[in-house]
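Heads up: the structure comes next, in structure tokens.
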Number of protein chains: 2
Amino acid sequence: MTKPRSTTRPRSATITDVARAARVSVASVSRVVNGHANVLPRTRARIAKVIEQLRYVPNTAARSLIRQQTQSIGVLLPDLYGGFFSELIRGIDGAARAHKLQLLLSSSHGDAREMAAAIRAMHGRVEGLLVLAPQLTARDLDGLAADVPTVFMNSPVTDRPALAIDSYGGARAMVRHLIGRGHRTITHISGPTDNFDAHERERGYRDELASALPRARPVVLRGDFTEASGYAAGREIARGARRPAAVFAANDGMAIGCLAAFDSCGLAVPRDLAVAGFDDIPLAAYVRPPLTTMRVPIVELGRGAVSQLLAALAAHTTPTTRTLTPPLAPTLVVRESCGIDNAVSPKHAPVSVEGHDAGGHDDSRPQHGISRPHHRKRPRRKP
Amino acid sequence: MTKPRSTTRPRSATITDVARAARVSVASVSRVVNGHANVLPRTRARIAKVIEQLRYVPNTAARSLIRQQTQSIGVLLPDLYGGFFSELIRGIDGAARAHKLQLLLSSSHGDAREMAAAIRAMHGRVEGLLVLAPQLTARDLDGLAADVPTVFMNSPVTDRPALAIDSYGGARAMVRHLIGRGHRTITHISGPTDNFDAHERERGYRDELASALPRARPVVLRGDFTEASGYAAGREIARGARRPAAVFAANDGMAIGCLAAFDSCGLAVPRDLAVAGFDDIPLAAYVRPPLTTMRVPIVELGRGAVSQLLAALAAHTTPTTRTLTPPLAPTLVVRESCGIDNAVSPKHAPVSVEGHDAGGHDDSRPQHGISRPHHRKRPRRKP
DNA sequence: AGGCCGCGTGTAAACGTTTACGTGACGCGA
DNA sequence: TCGCGTCACGTAAACGTTTACACGCGGCCT
């Protein structure tokens, strides 16, 4: 495959090389590199020139070793599939970059053992950890990353720093909305059994239903957050004897699968039944009909987690203290999939009619309301 | 926010601590840690026990320093928005994990200067680099990561190791397909001007059109790979005087935006006109109508790039040699958005009718043809 | 004029590993 | 019994930095 022109790469220049070439000690070079004040201008210039010539870059390992810090944080995710994770990483990456931190990424962690192994592998490489592990129980999490500062996201931890989306409240809000639109029978498509968010959303659905419509019976189909599982659930609903007035899926992917299933069965949304999702992934505004959903501040979740981690690090504390950061509230985004109000023009640009919190606008996420390319913040680079 | 129980974290155990506690030298501890043979079973056991007790983990920085290797690779992406990147990272992450490599991720690099800065920041932290920079020109790329082994993905490099998707060939295949279905006027929605893939796809469109329909005039609307820009282009097409028979968007996101626009203008796809995309992102099968597109082996692209990098590293060579790895060929995936053949059942599960290369199945990507949740490889963990 | 301070620069220790080499004990054949 | 090889283990150098401290020099104050 490759032409074997086997050129052995030369060892790159060290601080000693620079010192020798500039006829100074390594200390002075170090001072110049780190921008300390007490170096004579002409000495500094001479050293800088040599650095340039030799293309010297300080060895990170040596620096980490002596300084006892790595300038990087670790991110552990269960998976990378779907719109949620890329948005989350975008948020984390942005915040990390702003603080000049490198990001060590690791995904696909099923159970607690895999997660523990990944954490061990990061030991010493990172100052702290960001962990998203909704599939782990409180028991699993207990003592998991005990000796490295860690912020858990969307996890059932009670005694460690954490940051979560208010899935429960969001689900209640959505059910309330659906009931407010007159839907009396609402079926829920839930996420994986072992998933904390899935559990919270289902709980919100059940609670709101019980409190607002005490006589209605909850109906739950189990999915796994994929479009395919939503599709399967949709087929089942369409075939079923008593078709519900509305379907509330625990995430947008399943809602979209559900839309596809209904379409394939000849059911029209929202005419025959309503469909709602959760997360407001970027594509939710572009499916047909546009999807009513709960917008989750994903990018903020990432940013917030980084901030919290930095706070813990700055305090030089073992962050075993429970932070009181309130969960991030999702906001209702009303689109056509649940029926459109008389007033609102039904067939126009995929503009979101914002719910409660119109102020919670996330400026780092591509807007999908505005359609002209030149209105966009910055052009995307890849398909 | 946090209860300020300011517990200063104890310095974690070093190899010296272990050696002292086990009453051996550091050398023996090192031997045990690294699984060398020449240590007596009972000594080994004693040391292992102490390691356990002290929860000793070798300091990565020190190890990197002495071994001159970091066990990690860097990944540089222009952005993280959209289904393409998360799939790519999935592929890279999987391959990296298989080789016990850590992943250092950095995104949002607009121009060559930002990219160079990011590369400098990774110097010494990584063994090699994976760079996806379709927005950089050959000039920009020249000498960019000169002293660290690098594999470029989808970039116009000629003298460095690289791995690319055959965007040009894919575009030609898609146009050929559209023409084969009888469409005589085909409009192209292209990607950003400065994007290599966008350029290649447009070139493929133009060339195939010129060769198969010499009398047809190419029509190109410029987008930026976002759904919003596809939506805008779709509105423009719908409003235009001479509506084309088909629209070929340079990626799926724009095609989906386009579908939304047509729907909002009362145009039916594929009845009134056909729409095709590129990439086959997971959601392409779930929009209405399901999207005909070119499936790009994204996960393989990631895996392949890792393999190539490892090969370069193993050879201890400066990989300034041009690898002859052929570009990865996309495969045509025919769905309903371009009209369905008489034979094929039009309204059923969103099954893809595979094009040429039915063998090129990617087993690590969630299948969207199979709808039952328990058929899935593994459950997804997060919304 | 002598002492002191400040400043630029150099020396060397330290960070936590890995590993080449040395050392002593032990077994075995001559 | 002596010599040699093998084996377990220890000693210390090396990796490339940062930084506390030492040092020498010049200028200012008394």
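Every chain in the structure tokens has a letter given in the order shown (A, B, ...), and although residue numbers restart at 1 in each chain, ligands are simply numbered from 1 in the order shown.
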
Exercise for review: DSSP on the backbone, then: every residue of range 101-297 of chain B marked alpha helix (DSSP H), written as a VMD selection string.
Suggested key: chain B and resid 112 to 122 138 to 141 167 to 180 196 to 212 227 to 239 252 to 264

Practice item. Mind the document's chain letters and residue numbers, and return as a list of chain:residue names the residues of range 50-82 of chain B that DSSP labels strand (DSSP E). Key: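 DSSP-assigned strand (DSSP E) residues in range 50-82 of chain B: B:Ser72, B:Ile73, B:Gly74, B:Val75, B:Leu76.
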
Check your understanding: So what do you get for CA of Ala162 in chain A versus CA of Pro149 in chain A, distance-wise?
Key ->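 These two atoms are separated by 11.2 Å.
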
**Study point:** From A:Gly240, A:Pro297, A:Gly182, A:Gly191, residue lying nearest chain B [only C-alpha atoms]
**Key:**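 Checking each candidate against chain B, we get A:Gly191 as the closest.
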
Exercise for review: Find the residues near range 25-27 of chain C: any atom within 12 Å, counting only C-alpha atoms (C1' of nucleotides), skip ones fewer than 6 places away on the same chain, and give them as a list in words.
Suggested key: DC4, DG5, DT6, DC7, DA8 and DC9 of chain D

Practice item. Tell me the residues of chain A close to chain C, meaning within 7 Å using only C-alpha atoms (C1' of nucleotides), as a PyMOL selection string. Key: chain A and resi 25+38-40+65-66
